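Before any comments, here is the structure.
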Amino acid sequence: MTQVERHAYDVVVVGAGGAGLRAAIEAREHGLRTAVICKSLFGKAHTVMAEGGIAASMGNVNGHDNWQVHFRDTMRGGKFLNHWRMAELHAREAPDRVWELETWGALFDRTPDGRISQRNFGGHEYPRLAHVGDRTGLELIRTLQQKIVSLQQDDFAETGDYEARLKVFQECTVTRVLKDGDAVSGVFGYVRESGRLFVIEAPAVVLATGGVGKSFKVTSNSWEYTGDGHALALLAGAPLINMEFIQFHPTGMVWPPSVKGILVTESVRGDGGVLRNSEGERFMFGYVPDVFKEKYAQSEEEADGWYTDPDSHRRPPELLPRDEVARAINAEVKAGRGTPHGGVYLDVSTRLPAEEIRRRLPSMHHQFKELADVDITAEAMEVGPTCHYMMGGVDVDPDTAAATGVPGLFAAGEVAGGMHGSNRLGGNSLSDLLVFGRRAGLYAAQYAAGLGGQRPAVAQEQIDAAAREALRPFEAGADVAGGSGGPGGSGGAPENPYTLHQELQQVMNDLVGIIRRAPEMEQALERLAGLRERSRRVGVEGHRQFNPGWHLAIDLRNMLLVSECVARAALERTESRGGHTRDDHPGMDRAWRQVNLVCELAPEGAAPEGADGQPGQVVGLRKRPMPAIRADLLALFEREELRKYLTDEELDG
Amino acid sequence: MTHTAHFRVWRGDADGGGLQDYDVEVNDGEVVLDIIHRLQATQAADLAVRWNCKAGKCGSCSAEVNGRPRLMCMTRMSVFQPEETVTVTPLRAFPVIRDLVTDVSFNYAKARQVPAFVPPKGVAAGEYRMQQVDVERSQEFRKCIECFLCQDTCHVVRDHEENKPAFAGPRFLMRIAELDMHPLDAAADQGLTRAASAQEDHGLGYCNITKCCTEVCPEHIKITDNALIPLKERAVDRKYDPLVWLGNKIRRREG
């Protein structure tokens with residue numbers, strides 16, 4: 001029997017970014033004892049990287065804005081593959097979620113009349129993004145962090161214990177969701193600092209773990225983004241949807257090599273920055289797709305007029321949704337019109353006075369100066385696409401954020417699927433975190449409270465199996481060194497987790513990247529199977545205390561599982577839409593809009609599951625029809641526009 | 001351009017340790033954190049280090065490089081001569097956990113001791129009105145990424161463990177200044193004078209404005225000039241203001 005630390009809570013939130021912290025605040029405010037599991041230190045989550053802003057139709061800068069316009073933009077951005085109900089709730093509730101932050105101490109940039117300022121962003125019809133310079137994510141995280149501290153201060157005043165109702169477990173990683181029958185009974189994980197294993201018994205678990213970018217070589221994502229929640233859900237029996245849709249942000253740094261992929265905020269373009277190729281041509285005018293033709297400027301003159309007079313000019317094409325811009329940059333570089341380091345030029349230096357650039361884009365100015373020796377007030381940046389955001393995720397009920405098929409499991413933020421369809425608009429992520437983080441916390445609290453004393457139990461054999469799985473990398477090293485062959489009977493030398501990770505990133509980058517082809521994805525699936533086999537022999541040195549090699553060995557399971565979902569779904573979808581571009585199927589197909597691809601863990605027996613508890617990992621894929629969009633929401637669009645996305649039967653039905 | 005650099009990295013744990021020598025490849029454009037990662041991948045798989053964003057935004061990879069508190073992700077290798085030995089050690093003001101990772105819980109404990117923002121009564125969400133010029137003062141301090149380099153370098157605690165209980169450190173004194181300058185903070189309505197509390201409860205008096213915190217701040221926040229000195233002035237103004245003195249006397253008599 002494995003000895004582990006034991007705790008018990010009403011609600012456990014896995015992840016401490018925007019969605020996780022917002023969920024935890026909500027659960028605690030409903031009086032439930034809540035634990036937050038934080039993979040890093042409290043306040044370091046990847047949310048701090050969000051730069052541009054929070055999309056919410058407050059209408060502070062342009063009074064024409066309202067939730068219906070925001071809903072429309074979101075559906076267009078996602079090419080109508082969004083779950084309409086999530087897009088509706090998001091658009092309706094985002095303003096309240098932003099205003100609420102002010103009551104917790106957030107300090108957004110202001111309009112001249114003292115309200116929250118809002119900026120333009122790709123795909124948003126009106127200036128809509130509440131922001132703080134270009135460090136909005138940091139403001140969001142700090143505000144939520146400080147709200148949590150303030151709730152802890154209330155509890156301290158009442159009980160003498162800061163952690164009486166709300167505890168943050170820092171630098172802890174969850175490796176399994178535990179179940180009693182179908183229902184969630186808790187989580188299993190390890191403490192980085194000590195290497196100790198722990199179990200938290202809880203009837204409700206909110207996954208808020210973010211994305212999967214670390215499976216790709218060029219990414220804007222931090223080390224934590226290893227698809228943990230996606231994998232935890234799959235392993236717990238919950239399906240994932242839309243896994244083929246990955247957003248490659250058009251503007252990542254391309255030089256120097258060590259910072260390749262780091263984000264260059266879209267605000268650079270929202271505030272006037274333009275894209276040029278090596279011939280000095282402002283090339284985006286040649287890449288406006290038919291569905292967006294009426295909305296975007298045809299000439300530089302018209303585009304430039306928009307910044308000061310948006311009512312009588314159309315938008316510059318640099319502000320097309322991200323998938324369009326990323327593909328355009330990719331095409332320019334491929335055609336030989338790229339920069340020396342394989343990107344294109346993003347120039348704001350000839351568009352705004354230096355002082356204005358420093359004021360509006362302080363962290364970009366800082367980032368380029370410190371990391372690339374480039375002064376963006378005097379010269380152009382070199383940029384190219386970088387893996388940025390996973391649209392796909394846990395299949396959830398739109399209203400409650402409950403995962404399909406696993407009572408007690410909830411998901412919010414990037415780890416949840418459906419909200420953004422095939423492509424997310426900039427600014428819609430931070431608002432998503434707040435809207436659905438709150439909902440997940442609320443309904444997790446209601447679920448836990450509704451159980452009364454009838455809580456699912458944690459079974460010892462699940463703890464033992466989870467412990468064996470977590471500790472295998474140590475045994476693998478020792479077994480192989482002792483000549484007895486690795487677990488799973490594979491034999492051979494122990495594998496280095498860093499080497500496997502690098503190979504995985506290369507496979508995903510080269511074969512399932514921004515432009516996809518069937519033979520390459522088939523090859524990727526073969527290579528992933530090989531990596532999975534080798535990953536069973538991953539061995540680590542040293543002991544359990546703060547051992548990064550061990551942590552990576554555990555994260556590899558998740559990245560391999562998620563990568564397989566991405567490759568399988570991407571191979572299956574024979575069309576191009578949003579964050580999924582098929583070179584061999586370049587057109588968007590209205591028939592495919594009606595279909596979600598659902599990934600599930602293959603049923604037991606079908607997969608080569610080892611006796612050691614290693615998951616089968618061969619994922620099954622099935623098609624599921626999309627729910628019909630409610631009539632009053634469809635009526636927000638012109639019929640001509642709908643015809644581009646919906647089939648005739650859908651329109652007439 | 002590639003060269004081999006000589007690194008000395010502190011390895012060990014709470015029971016002790018020492019500097020270990022490594023020769024490691026360095027490529028054009030790399031930062032110290034890249035080199036630490038290369039050591040992990042090729043020579044020291046279990047070398048413990050904290051990091052997250054690798055873009056100077058999360059404040060996780062704080063360490064001392066050649067004795068100076070820095071973010072490893074923002075320290076370019078080009079600032080060193082190729083033949084120069086680069087020494088990387090953990091933050092000195094905090095207890096070592098392992099290798100370059102220290103126990104920074106001191107900071108989280110101090111954060112809890114600073115009373116939170118108090119929303120103004122009678123102002124509904126959505127009705128907050130503030131001028132840009134007024135929010136900018138506090139916004140400067142909210143740029144803080146909590147790397148704790150200022151806490152590490154501050155001589156009040158760097159070599160004086162005994163001062164820790166009474167001293168919040170630059171980061172959290174700045175937090176008090178931030179709330180004090182927040183245009184709508186209503187702490188005063190609850191009887192909390194933030195500047196006075198900084199002096200009486202959080203050890204502002206220990207600070208003798210040597211500006212070491214400002215020097216190491218990777219966000220270039222003027223901690224001393226813009227947060228600590230104004231906070232000291234307000235604390236002092238209050239303490240020696242005869243009207244405040246009289247008010248306190250009267251209030252006490254009433255209570």
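Please note that chains go A, B, ... in the order of the structure tokens, that every chain numbers its residues from 1, and that ligands are numbered from 1 in the order shown.
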For segment 262-266 of chain A, list every protein, DNA or RNA residue within 10 Å, evaluated using only C-alpha atoms, and leave out those in the same chain fewer than 2 positions away; present the list as a PyMOL selection string.
-> (chain A and resi 49-53+120-122+134-135+218-222+249-255+258-260+268-271+273+318-319+322+346+361+363-364+367-368+381-388+426-427) or (chain B and resi 53-55)
Keeping only C-alpha atoms, take the residues you just selected and write them out as a PDB file, in the first residue's frame.
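File written: out-v6.pdb
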ATOM      1  CA  MET A  49       1.673  36.152 -21.052  1.00  0.00           C
ATOM      2  CA  ALA A  50      -1.601  37.472 -22.464  1.00  0.00           C
ATOM      3  CA  GLU A  51      -0.874  40.931 -23.726  1.00  0.00           C
ATOM      4  CA  GLY A  52      -3.632  42.521 -25.757  1.00  0.00           C
ATOM      5  CA  GLY A  53      -6.706  42.590 -23.590  1.00  0.00           C
ATOM      6  CA  ASN A 120      -9.143  47.417 -31.588  1.00  0.00           C
ATOM      7  CA  PHE A 121      -8.188  43.849 -32.295  1.00  0.00           C
ATOM      8  CA  GLY A 122      -8.316  41.362 -35.145  1.00  0.00           C
ATOM      9  CA  ASP A 134       0.311  45.328 -23.299  1.00  0.00           C
ATOM     10  CA  ARG A 135       0.394  43.450 -19.995  1.00  0.00           C
ATOM     11  CA  VAL A 218       8.011  26.764 -32.023  1.00  0.00           C
ATOM     12  CA  THR A 219       5.501  27.956 -29.464  1.00  0.00           C
ATOM     13  CA  SER A 220       4.575  30.949 -27.382  1.00  0.00           C
ATOM     14  CA  ASN A 221       3.574  28.645 -24.518  1.00  0.00           C
ATOM     15  CA  SER A 222       5.447  28.125 -21.245  1.00  0.00           C
ATOM     16  CA  HIS A 249      -0.365  33.139 -33.784  1.00  0.00           C
ATOM     17  CA  PRO A 250       0.857  35.048 -36.826  1.00  0.00           C
ATOM     18  CA  THR A 251       3.440  37.079 -35.001  1.00  0.00           C
ATOM     19  CA  GLY A 252       6.015  35.297 -32.894  1.00  0.00           C
ATOM     20  CA  MET A 253       9.644  36.378 -32.660  1.00  0.00           C
ATOM     21  CA  VAL A 254      11.848  34.522 -35.157  1.00  0.00           C
ATOM     22  CA  TRP A 255      15.267  35.649 -33.983  1.00  0.00           C
ATOM     23  CA  SER A 258      16.544  30.878 -28.311  1.00  0.00           C
ATOM     24  CA  VAL A 259      13.480  33.140 -28.237  1.00  0.00           C
ATOM     25  CA  LYS A 260      11.893  31.831 -31.421  1.00  0.00           C
ATOM     26  CA  VAL A 268       1.040  46.110 -32.533  1.00  0.00           C
ATOM     27  CA  ARG A 269      -1.279  45.706 -35.514  1.00  0.00           C
ATOM     28  CA  GLY A 270      -4.351  46.992 -33.669  1.00  0.00           C
ATOM     29  CA  ASP A 271      -2.444  50.197 -32.931  1.00  0.00           C
ATOM     30  CA  GLY A 273       1.580  48.273 -37.174  1.00  0.00           C
ATOM     31  CA  GLU A 318      -3.615  43.143 -41.026  1.00  0.00           C
ATOM     32  CA  LEU A 319      -6.534  42.803 -38.609  1.00  0.00           C
ATOM     33  CA  ARG A 322      -5.266  35.164 -36.784  1.00  0.00           C
ATOM     34  CA  LEU A 346       6.136  43.946 -38.686  1.00  0.00           C
ATOM     35  CA  LEU A 361       3.571  48.869 -26.275  1.00  0.00           C
ATOM     36  CA  SER A 363       6.633  45.348 -22.933  1.00  0.00           C
ATOM     37  CA  MET A 364       7.150  44.778 -26.669  1.00  0.00           C
ATOM     38  CA  GLN A 367      11.254  42.498 -25.027  1.00  0.00           C
ATOM     39  CA  PHE A 368      12.825  43.319 -28.400  1.00  0.00           C
ATOM     40  CA  MET A 381      10.472  43.539 -36.113  1.00  0.00           C
ATOM     41  CA  GLU A 382      10.907  40.165 -37.789  1.00  0.00           C
ATOM     42  CA  VAL A 383       7.967  37.885 -37.047  1.00  0.00           C
ATOM     43  CA  GLY A 384       6.506  34.524 -38.049  1.00  0.00           C
ATOM     44  CA  PRO A 385       3.795  32.084 -36.913  1.00  0.00           C
ATOM     45  CA  THR A 386       4.077  30.367 -33.539  1.00  0.00           C
ATOM     46  CA  CYS A 387       1.931  27.684 -31.900  1.00  0.00           C
ATOM     47  CA  HIS A 388      -0.235  29.680 -29.551  1.00  0.00           C
ATOM     48  CA  GLY A 426      -7.665  37.690 -29.853  1.00  0.00           C
ATOM     49  CA  GLY A 427      -9.016  38.977 -26.553  1.00  0.00           C
TER      50      GLY A 427
ATOM     51  CA  CYS B  53       7.565  31.911 -19.651  1.00  0.00           C
ATOM     52  CA  LYS B  54      11.174  32.495 -20.704  1.00  0.00           C
ATOM     53  CA  ALA B  55      10.160  35.974 -21.807  1.00  0.00           C
TER      54      ALA B  55
END
6 Å contacts from chain B to chain A using only C-alpha atoms, as a ChimeraX atom specification = /B:29-30,41,45-46,48,52-53,58,116-117,119,125-126,129-132
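Residue nearest Gly169 of chain B within the list B:His202, B:Arg194, B:Lys232, B:Arg38: B:His202 [criterion: smallest interatomic distance, only C-alpha atoms].
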Residues of segment 10-105 of chain B in strand (DSSP E or B), written as a PyMOL selection string = chain B and resi 10-13+16-27+31+62-65+68-71+76+85-89+96-98+101-102
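Taking atom CA of Met86 of chain A and atom CA of Trp67 of chain A as endpoints, the distance between them is 12.7 Å.
Using only C-alpha atoms, the nearest neighbour of Asp180 of chain A within the list A:Thr647, A:Gln460, A:Gln145, A:Asn242 is A:Gln460.
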Skip segment 1-5 of chain B itself and residues of its chain fewer than 3 positions away, then list as a ChimeraX atom specification all residues within 10 Å of it, counting only C-alpha atoms.
-> /B:8,22-29,35,77,80-86
Could the residues in this selection be saved with C-alpha atoms as a PDB file, in the first residue's frame?
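The resulting file, part_34.pdb, is shown below:
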ATOM      1  CA  ARG B   8      29.925  27.204 -12.257  1.00  0.00           C
ATOM      2  CA  TYR B  22      30.581  22.604 -16.417  1.00  0.00           C
ATOM      3  CA  ASP B  23      31.853  23.277 -19.919  1.00  0.00           C
ATOM      4  CA  VAL B  24      28.881  23.880 -22.154  1.00  0.00           C
ATOM      5  CA  GLU B  25      28.084  25.007 -25.679  1.00  0.00           C
ATOM      6  CA  VAL B  26      26.750  28.528 -26.205  1.00  0.00           C
ATOM      7  CA  ASN B  27      25.108  29.759 -29.416  1.00  0.00           C
ATOM      8  CA  ASP B  28      24.486  33.220 -30.762  1.00  0.00           C
ATOM      9  CA  GLY B  29      21.582  35.055 -29.119  1.00  0.00           C
ATOM     10  CA  ILE B  35      22.513  27.299 -20.991  1.00  0.00           C
ATOM     11  CA  MET B  77      25.205  35.459 -22.833  1.00  0.00           C
ATOM     12  CA  PHE B  80      29.947  38.069 -20.849  1.00  0.00           C
ATOM     13  CA  GLN B  81      33.325  37.610 -22.511  1.00  0.00           C
ATOM     14  CA  PRO B  82      33.567  34.136 -24.097  1.00  0.00           C
ATOM     15  CA  GLU B  83      36.451  33.214 -21.760  1.00  0.00           C
ATOM     16  CA  GLU B  84      34.672  34.565 -18.664  1.00  0.00           C
ATOM     17  CA  THR B  85      33.436  32.056 -16.081  1.00  0.00           C
ATOM     18  CA  VAL B  86      29.713  32.451 -15.458  1.00  0.00           C
TER      19      VAL B  86
END
Within 8 Å of segment 219-228 of chain B, counting only C-alpha atoms, which residues show up once you throw out same-chain ones fewer than 6 positions away? Write them as a list in words, please.
-> Glu140, Phe141, Lys143, Cys144, Ile145, Pro170, Leu173, Met174, Ala177, Glu178, Leu204, Ile209, Lys211 and Cys213 of chain B
Ile554 of chain A: which residues within 9 Å, counting only C-alpha atoms, same-chain residues fewer than 5 positions away excluded, as a ChimeraX atom specification?
-> /A:175,469-471,473,549
Neighbours of Leu21 of chain A within 10 Å (only C-alpha atoms; same-chain residues fewer than 4 positions away dropped), as a tab-separated table (two decimals) with N, CA and C atoms, in the first residue's frame?
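Below you can see around-v4.tsv, which holds the result:
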chain	number	residue	atom	x	y	z
A	13	VAL	N	-9.63	22.59	-7.76
A	13	VAL	CA	-9.42	23.23	-9.06
A	13	VAL	C	-7.99	22.90	-9.48
A	14	VAL	N	-7.85	22.24	-10.63
A	14	VAL	CA	-6.52	21.88	-11.13
A	14	VAL	C	-6.10	22.95	-12.11
A	15	GLY	N	-5.17	23.79	-11.69
A	15	GLY	CA	-4.74	24.89	-12.55
A	15	GLY	C	-5.00	26.22	-11.87
A	16	ALA	N	-4.04	27.13	-11.95
A	16	ALA	CA	-4.15	28.39	-11.23
A	16	ALA	C	-3.91	29.58	-12.15
A	17	GLY	N	-4.36	29.46	-13.39
A	17	GLY	CA	-4.37	30.61	-14.29
A	17	GLY	C	-5.69	31.33	-14.13
A	25	ILE	N	-12.43	31.18	-6.73
A	25	ILE	CA	-13.08	32.30	-6.03
A	25	ILE	C	-14.57	32.03	-5.93
A	26	GLU	N	-15.16	31.58	-7.05
A	26	GLU	CA	-16.60	31.34	-7.07
A	26	GLU	C	-17.00	30.23	-6.10
A	27	ALA	N	-16.24	29.13	-6.14
A	27	ALA	CA	-16.58	28.00	-5.26
A	27	ALA	C	-16.47	28.42	-3.79
A	36	VAL	N	-6.81	24.80	-4.69
A	36	VAL	CA	-6.31	25.12	-6.03
A	36	VAL	C	-4.95	24.45	-6.18
A	37	ILE	N	-4.80	23.67	-7.24
A	37	ILE	CA	-3.51	23.03	-7.49
A	37	ILE	C	-2.78	23.84	-8.55
A	38	CYS	N	-1.59	24.27	-8.18
A	38	CYS	CA	-0.86	25.23	-8.97
A	38	CYS	C	0.43	24.54	-9.43
A	42	PHE	N	2.34	30.37	-7.14
A	42	PHE	CA	1.08	31.12	-7.23
A	42	PHE	C	1.34	32.44	-7.95
A	43	GLY	N	0.59	32.68	-9.03
A	43	GLY	CA	0.74	33.95	-9.75
A	43	GLY	C	1.67	33.91	-10.95
A	141	ILE	N	-4.19	38.16	-13.74
A	141	ILE	CA	-3.71	37.17	-12.77
A	141	ILE	C	-3.50	37.82	-11.40
A	143	THR	N	-4.86	40.46	-10.15
A	143	THR	CA	-6.13	40.83	-9.53
A	143	THR	C	-6.81	39.61	-8.92
A	144	LEU	N	-6.83	38.50	-9.64
A	144	LEU	CA	-7.46	37.28	-9.12
A	144	LEU	C	-6.66	36.74	-7.93
A	145	GLN	N	-5.33	36.79	-8.05
A	145	GLN	CA	-4.46	36.34	-6.96
A	145	GLN	C	-4.74	37.16	-5.70
A	147	LYS	N	-7.43	38.84	-5.04
A	147	LYS	CA	-8.79	38.55	-4.55
A	147	LYS	C	-8.77	37.28	-3.69
A	148	ILE	N	-8.01	36.30	-4.12
A	148	ILE	CA	-7.91	35.07	-3.33
A	148	ILE	C	-7.27	35.37	-1.98
A	168	VAL	N	-4.11	27.20	-1.60
A	168	VAL	CA	-3.38	27.05	-2.86
A	168	VAL	C	-2.23	26.08	-2.63
A	208	ALA	N	-8.55	23.24	-15.20
A	208	ALA	CA	-8.29	24.58	-15.75
A	208	ALA	C	-6.79	24.66	-16.03
A	433	LEU	N	-11.85	32.80	-19.93
A	433	LEU	CA	-11.38	32.33	-18.62
A	433	LEU	C	-12.30	32.80	-17.51
A	434	LEU	N	-12.70	34.07	-17.59
A	434	LEU	CA	-13.51	34.66	-16.52
A	434	LEU	C	-14.94	34.14	-16.56
A	437	GLY	N	-14.71	30.21	-16.19
A	437	GLY	CA	-14.11	29.89	-14.89
A	437	GLY	C	-15.14	30.08	-13.79
A	438	ARG	N	-15.85	31.20	-13.84
A	438	ARG	CA	-16.89	31.45	-12.85
A	438	ARG	C	-17.98	30.37	-12.92
A	441	GLY	N	-16.77	27.05	-11.49
A	441	GLY	CA	-16.70	27.10	-10.02
A	441	GLY	C	-18.09	27.04	-9.40
Tell me which protein, DNA and RNA residues are within 7 Å of Gly203 of chain B, counting only C-alpha atoms, leaving out same-chain ones fewer than 5 positions away, and put them as an NGL selection string.
-> :B and (166-168 or 198)
